[in-house]
file input_5.txt (compact mmCIF, C-alpha atoms)
# COMPACT_ATOMS: atom_id res chain seq x y z
CA MET A 18 -3.80 22.32 -1.68
CA GLU A 19 -6.07 21.24 1.10
CA ASP A 20 -6.32 23.18 4.34
CA PHE A 21 -5.81 19.95 6.27
CA ILE A 22 -2.83 17.62 6.64
CA TYR A 23 -3.32 13.89 7.14
CA ILE A 24 -1.25 12.68 10.14
CA GLY A 25 -2.75 9.31 11.08
CA ARG A 26 -5.47 6.72 10.87
CA VAL A 27 -7.52 5.28 13.73
CA ALA A 28 -6.56 1.60 13.80
CA ASN A 29 -8.73 0.50 16.71
CA THR A 30 -10.02 1.29 20.16
CA HIS A 31 -7.78 0.92 23.20
CA GLY A 32 -9.36 -0.02 26.52
CA VAL A 33 -12.85 0.69 27.77
CA GLN A 34 -12.43 4.43 28.40
CA GLY A 35 -12.60 5.43 24.73
CA MET A 36 -8.91 5.68 23.91
CA LEU A 37 -7.95 5.40 20.25
CA LYS A 38 -5.07 3.36 18.84
CA VAL A 39 -3.65 5.43 15.99
CA PHE A 40 -1.28 4.46 13.22
CA PRO A 41 0.73 7.66 12.67
CA THR A 42 1.47 8.73 9.11
CA THR A 43 3.86 11.43 10.19
CA GLU A 44 7.65 11.13 10.40
CA ASP A 45 7.53 12.24 14.03
CA PRO A 46 4.78 10.55 16.09
CA LYS A 47 5.76 12.70 19.09
CA ARG A 48 4.17 15.61 17.21
CA PHE A 49 0.81 14.52 18.68
CA GLU A 50 2.05 15.92 22.01
CA LEU A 51 2.27 19.39 20.44
CA LEU A 52 -1.37 19.41 19.37
CA LYS A 53 -4.43 20.60 21.27
CA ASP A 54 -7.03 19.71 18.64
CA ILE A 55 -7.38 17.23 15.79
CA TYR A 56 -10.02 16.48 13.20
CA ILE A 57 -11.21 12.97 12.45
CA GLU A 58 -12.96 12.10 9.20
CA ASP A 59 -14.99 8.95 9.86
CA ILE A 60 -15.68 6.23 7.30
CA ARG A 61 -18.87 8.03 6.24
CA GLY A 62 -16.81 11.11 5.30
CA ILE A 63 -18.04 13.23 8.22
CA THR A 64 -15.32 15.32 9.88
CA ASN A 65 -15.50 16.47 13.50
CA SER A 66 -13.13 18.35 15.78
CA TYR A 67 -11.74 16.70 18.94
CA THR A 68 -9.65 17.98 21.85
CA ILE A 69 -6.64 15.88 22.84
CA LYS A 70 -6.76 14.89 26.50
CA ASN A 71 -3.64 12.71 26.62
CA VAL A 72 -1.09 10.98 24.40
CA LYS A 73 0.70 7.68 25.03
CA TYR A 74 2.79 5.39 22.88
CA PHE A 75 2.70 1.63 22.41
CA LYS A 76 5.11 0.00 19.94
CA ASN A 77 4.63 1.88 16.66
CA MET A 78 1.20 3.23 17.63
CA VAL A 79 -0.02 6.42 19.29
CA ILE A 80 -2.71 6.03 21.94
CA LEU A 81 -4.96 9.10 22.07
CA GLY A 82 -7.43 10.12 24.70
CA LEU A 83 -9.97 12.66 23.46
CA LYS A 84 -12.12 14.88 25.65
CA GLU A 85 -15.25 14.19 23.58
CA ILE A 86 -14.88 10.38 23.57
CA GLU A 87 -15.79 8.82 26.91
CA ASP A 88 -16.23 5.10 26.19
CA MET A 89 -15.36 2.28 23.83
CA ASN A 90 -18.69 2.51 21.98
CA GLN A 91 -18.03 6.12 20.98
CA ALA A 92 -14.43 5.26 20.03
CA GLU A 93 -15.57 2.31 17.90
CA LYS A 94 -17.43 4.71 15.58
CA LEU A 95 -14.10 6.39 14.70
CA LYS A 96 -12.32 3.17 13.71
CA ASN A 97 -10.56 3.56 10.32
CA GLY A 98 -11.06 7.32 10.51
CA ILE A 99 -8.48 9.70 9.06
CA ILE A 100 -6.82 12.05 11.53
CA LYS A 101 -6.14 15.53 10.17
CA ILE A 102 -4.80 18.84 11.44
CA HIS A 103 -4.90 22.35 10.02
CA ARG A 104 -1.99 23.06 7.67
CA LYS A 105 -0.94 25.93 9.95
CA ASN A 106 -0.20 23.34 12.69
CA ALA A 107 1.93 21.15 10.43
CA LEU A 108 5.61 20.58 11.09
CA PRO A 109 7.98 22.03 8.50
CA LEU A 110 9.13 19.66 5.78
CA GLU A 111 12.66 18.67 4.85
CA GLU A 112 13.79 18.62 1.22
CA ASN A 113 11.99 15.91 -0.80
CA GLU A 114 9.33 15.42 1.88
CA TYR A 115 5.64 15.98 1.14
CA TYR A 116 2.37 16.03 3.01
CA ILE A 117 0.20 13.05 2.09
CA SER A 118 -2.77 15.28 1.37
CA ASP A 119 -0.67 17.17 -1.21
CA LEU A 120 0.30 13.94 -3.01
CA LEU A 121 -3.12 12.32 -3.25
CA GLY A 122 -4.80 13.13 -6.55
CA LEU A 123 -1.59 13.96 -8.42
CA GLU A 124 -1.27 12.63 -11.96
CA VAL A 125 1.39 9.94 -12.40
CA PHE A 126 3.50 9.76 -15.58
CA ASP A 127 6.25 7.39 -16.70
CA ILE A 128 9.66 8.57 -17.93
CA GLU A 129 8.36 8.80 -21.52
CA ASP A 130 5.65 11.22 -20.30
CA ASN A 131 2.83 8.67 -20.73
CA LYS A 132 0.07 9.14 -18.20
CA ILE A 133 -0.22 6.10 -15.94
CA GLY A 134 -3.03 7.31 -13.70
CA ILE A 135 -3.84 9.19 -10.51
CA LEU A 136 -2.28 8.65 -7.07
CA LYS A 137 -5.29 7.32 -5.16
CA ASN A 138 -3.83 6.12 -1.86
CA ILE A 139 -0.61 5.61 0.06
CA ILE A 140 -0.14 2.31 1.87
CA PHE A 141 2.19 2.38 4.86
CA THR A 142 4.04 -0.92 5.10
CA GLY A 143 6.73 -0.09 7.63
CA SER A 144 9.74 -0.60 5.34
CA ASN A 145 8.65 1.78 2.58
CA ASP A 146 5.40 3.36 1.49
CA VAL A 147 3.54 1.99 -1.52
CA TYR A 148 1.70 4.26 -3.94
CA GLU A 149 -1.66 2.96 -5.10
CA ILE A 150 -2.25 4.36 -8.57
CA ASP A 151 -5.66 4.31 -10.21
CA ASN A 152 -4.83 3.37 -13.79
CA SER A 153 -8.40 2.46 -14.81
CA THR A 154 -7.79 -1.26 -14.38
CA LYS A 155 -9.55 -3.50 -11.87
CA ASN A 156 -6.66 -3.69 -9.39
CA GLY A 157 -4.78 -0.51 -10.20
CA LEU A 158 -1.00 -0.31 -9.89
CA LEU A 159 0.98 -0.66 -6.67
CA LEU A 160 4.34 1.09 -6.87
CA PRO A 161 6.96 1.17 -4.11
CA ALA A 162 7.64 4.76 -3.05
CA ILE A 163 11.41 4.48 -3.28
CA LYS A 164 13.84 6.81 -5.06
CA GLU A 165 14.52 4.22 -7.79
CA CYS A 166 10.82 4.32 -8.75
CA VAL A 167 9.63 7.82 -7.82
CA LEU A 168 11.92 10.08 -9.83
CA LYS A 169 10.24 13.47 -9.40
CA VAL A 170 7.37 14.98 -7.48
CA ASP A 171 6.12 18.32 -8.81
CA ILE A 172 3.45 19.59 -6.43
CA ASN A 173 3.00 22.88 -8.33
CA ASN A 174 2.20 21.12 -11.62
CA LYS A 175 0.38 18.24 -9.86
CA ARG A 176 2.62 15.56 -11.42
CA ILE A 177 4.71 12.62 -10.30
CA ILE A 178 7.27 11.08 -12.66
CA VAL A 179 7.98 7.39 -12.03
CA LYS A 180 10.04 4.56 -13.41
CA ILE A 181 8.12 1.31 -13.28
CA PRO A 182 10.35 -1.67 -12.46
CA GLU A 183 10.35 -4.53 -14.92
CA GLY A 184 7.68 -7.12 -14.19
CA LEU A 185 5.31 -4.74 -12.42
call {"tool": "encode", "arguments": {"input": "input_5.txt", "output": "structure tokens"}}
result
Amino acid sequence: MEDFIYIGRVANTHGVQGMLKVFPTTEDPKRFELLKDIYIEDIRGITNSYTIKNVKYFKNMVILGLKEIEDMNQAEKLKNGIIKIHRKNALPLEENEYYISDLLGLEVFDIEDNKIGILKNIIFTGSNDVYEIDNSTKNGLLLPAIKECVLKVDINNKRIIVKIPEGL
């Protein structure tokens, strides 16, 4: 398991003072108010620590002000960055809930125990998440993350058991 938990993605800048518009990937976006520091991994894969100055909300987005980011040009460099926190700062999970960072990289098997591929990404659509599975084909496999399709998640054995709907 990673030491960091993925809690959001920088969608865009917000205003000229370097605020960030963040798409939260956490069940409780208000959790940003409980944090003092975050880490942002930029599109080049470089991770830096930032101090939260203020938190606002707009529709389904979190607007973050960071002490180290003073203008829109600095904020622009973080666009599409992944926001992470230390696992020790993570909120406790309910039953059948998982941290994204614990799911990514798990092997995916069908109900006959045939390996389908590796969970490569999770797409957040609003209604339900979609698992992007690398199955060694050009486009991969997109599977809705609903209980009818995702039958079992076994973090300890690094496996997900799925039922692929007909026609997929």
call {"tool": "atom_distance", "arguments": {"input": "input_5.txt", "atom1": "CA of Arg48 in chain A", "atom2": "CA of Ile24 in chain A"}}
result
9.4 Å
call {"tool": "closest_residue", "arguments": {"input": "input_5.txt", "among": "A:Asn106, A:Asn77, A:Gln34, A:Thr43", "to": "Tyr56 in chain A", "atoms": "all atoms listed in the file"}}
result
A:Asn106
call {"tool": "residues_around", "arguments": {"input": "input_5.txt", "residues": "Asp20 in chain A", "least_positions_apart": "4", "cutoff": "10 Å", "atoms": "all atoms listed in the file", "output": "list in words"}}
result
Lys101, Ile102, His103, Arg104, Lys105, Ser118 and Asp119 of chain A
call {"tool": "atom_distance", "arguments": {"input": "input_5.txt", "atom1": "CA of Glu149 in chain A", "atom2": "CA of Gly122 in chain A"}}
result
10.7 Å
call {"tool": "residues_around", "arguments": {"input": "input_5.txt", "residues": "Glu129 in chain A", "least_positions_apart": "2", "cutoff": "12 Å", "atoms": "all atoms listed in the file", "output": "list in words"}}
result
Val125, Phe126, Asp127, Asn131, Lys132, Ile133, Ile178, Val179, Lys180 and Ile181 of chain A
call {"tool": "closest_residue", "arguments": {"input": "input_5.txt", "among": "A:Val39, A:Val79, A:Ile69, A:Ile99", "to": "Ile57 in chain A", "atoms": "all atoms listed in the file"}}
result
A:Ile99
call {"tool": "residues_around", "arguments": {"input": "input_5.txt", "residues": "Glu111 in chain A", "least_positions_apart": "4", "cutoff": "12 Å", "atoms": "only C-alpha atoms", "output": "ChimeraX atom specification"}}
result
/A:44,115-116
call {"tool": "closest_residue", "arguments": {"input": "input_5.txt", "among": "A:Pro109, A:Gly143, A:Pro182, A:Gly62", "to": "Lys164 in chain A", "atoms": "all atoms listed in the file"}}
result
A:Pro182
call {"tool": "residues_near_point", "arguments": {"input": "input_5.txt", "point": "(-0.2, 14.6, 17.7)", "cutoff": "9 Å", "atoms": "all atoms listed in the file", "output": "MDAnalysis selection string"}}
result
chainID A and resid 24:25 41 45:55 69 72 79 81 102
call {"tool": "decode", "arguments": {"input": "input_5.txt", "residues": "range 28-62 of chain A", "atoms": "N, CA and C atoms", "output": "CSV table (one decimal), in the first residue's frame"}}
result
chain,number,residue,atom,x,y,z
A,28,ALA,N,-8.5,20.6,-11.5
A,28,ALA,CA,-9.2,20.7,-12.8
A,28,ALA,C,-8.8,21.9,-13.5
A,29,ASN,N,-8.5,23.0,-12.8
A,29,ASN,CA,-8.2,24.3,-13.5
A,29,ASN,C,-7.8,25.3,-12.4
A,30,THR,N,-7.4,26.5,-12.9
A,30,THR,CA,-7.2,27.6,-12.0
A,30,THR,C,-8.5,28.3,-11.7
A,31,HIS,N,-8.5,29.1,-10.7
A,31,HIS,CA,-9.7,29.9,-10.3
A,31,HIS,C,-9.3,31.3,-9.9
A,32,GLY,N,-9.6,32.2,-10.8
A,32,GLY,CA,-9.2,33.6,-10.5
A,32,GLY,C,-7.7,33.9,-10.8
A,33,VAL,N,-7.3,35.1,-10.5
A,33,VAL,CA,-5.9,35.6,-10.8
A,33,VAL,C,-5.0,35.4,-9.7
A,34,GLN,N,-5.5,35.1,-8.5
A,34,GLN,CA,-4.7,35.0,-7.3
A,34,GLN,C,-4.1,33.6,-7.0
A,35,GLY,N,-4.2,32.7,-8.0
A,35,GLY,CA,-3.6,31.4,-7.9
A,35,GLY,C,-4.4,30.3,-7.2
A,36,MET,N,-5.7,30.6,-7.1
A,36,MET,CA,-6.6,29.5,-6.5
A,36,MET,C,-6.7,28.4,-7.5
A,37,LEU,N,-6.9,27.2,-6.9
A,37,LEU,CA,-7.1,26.0,-7.7
A,37,LEU,C,-8.5,25.5,-7.6
A,38,LYS,N,-9.1,25.1,-8.8
A,38,LYS,CA,-10.4,24.4,-8.8
A,38,LYS,C,-10.1,22.9,-8.8
A,39,VAL,N,-10.6,22.2,-7.8
A,39,VAL,CA,-10.3,20.8,-7.6
A,39,VAL,C,-11.5,20.0,-7.7
A,40,PHE,N,-11.4,18.9,-8.5
A,40,PHE,CA,-12.4,17.9,-8.5
A,40,PHE,C,-12.1,16.9,-7.4
A,41,PRO,N,-13.0,16.9,-6.3
A,41,PRO,CA,-12.6,16.0,-5.2
A,41,PRO,C,-13.0,14.5,-5.6
A,42,THR,N,-12.1,13.6,-5.2
A,42,THR,CA,-12.3,12.2,-5.4
A,42,THR,C,-12.6,11.5,-4.0
A,43,THR,N,-13.0,12.2,-3.1
A,43,THR,CA,-13.3,11.8,-1.7
A,43,THR,C,-14.8,11.8,-1.5
A,44,GLU,N,-15.4,11.0,-0.7
A,44,GLU,CA,-16.8,11.0,-0.4
A,44,GLU,C,-17.2,12.3,0.3
A,45,ASP,N,-16.3,12.9,1.0
A,45,ASP,CA,-16.6,14.0,1.8
A,45,ASP,C,-15.7,15.2,1.4
A,46,PRO,N,-16.1,16.0,0.5
A,46,PRO,CA,-15.3,17.2,0.1
A,46,PRO,C,-14.9,18.1,1.2
A,47,LYS,N,-15.8,18.2,2.2
A,47,LYS,CA,-15.5,19.1,3.4
A,47,LYS,C,-14.2,18.7,4.1
A,48,ARG,N,-13.7,17.5,3.8
A,48,ARG,CA,-12.5,17.0,4.5
A,48,ARG,C,-11.3,17.9,4.2
A,49,PHE,N,-11.4,18.7,3.1
A,49,PHE,CA,-10.3,19.6,2.8
A,49,PHE,C,-10.1,20.6,3.9
A,50,GLU,N,-11.2,20.9,4.6
A,50,GLU,CA,-11.1,21.9,5.7
A,50,GLU,C,-10.3,21.4,6.9
A,51,LEU,N,-10.2,20.1,7.0
A,51,LEU,CA,-9.5,19.5,8.1
A,51,LEU,C,-8.0,19.4,7.9
A,52,LEU,N,-7.6,19.7,6.7
A,52,LEU,CA,-6.2,19.5,6.3
A,52,LEU,C,-5.4,20.8,6.4
A,53,LYS,N,-4.1,20.6,6.8
A,53,LYS,CA,-3.2,21.8,6.8
A,53,LYS,C,-2.3,21.7,5.6
A,54,ASP,N,-1.9,20.5,5.2
A,54,ASP,CA,-1.0,20.3,4.1
A,54,ASP,C,-1.6,19.3,3.1
A,55,ILE,N,-1.2,19.5,1.8
A,55,ILE,CA,-1.5,18.5,0.8
A,55,ILE,C,-0.2,18.3,-0.1
A,56,TYR,N,-0.2,17.3,-0.9
A,56,TYR,CA,0.8,17.0,-1.8
A,56,TYR,C,0.2,17.0,-3.2
A,57,ILE,N,0.8,17.7,-4.2
A,57,ILE,CA,0.3,17.6,-5.5
A,57,ILE,C,1.4,17.1,-6.4
A,58,GLU,N,1.0,16.0,-7.2
A,58,GLU,CA,1.9,15.4,-8.2
A,58,GLU,C,1.5,16.0,-9.5
A,59,ASP,N,2.4,16.8,-10.1
A,59,ASP,CA,2.1,17.4,-11.4
A,59,ASP,C,2.1,16.4,-12.5
A,60,ILE,N,1.8,16.9,-13.7
A,60,ILE,CA,1.7,16.0,-14.9
A,60,ILE,C,3.1,15.4,-15.3
A,61,ARG,N,4.2,16.0,-14.8
A,61,ARG,CA,5.5,15.4,-15.0
A,61,ARG,C,5.9,14.3,-14.0
A,62,GLY,N,5.0,14.1,-13.0
A,62,GLY,CA,5.3,13.1,-12.0
A,62,GLY,C,6.0,13.7,-10.8
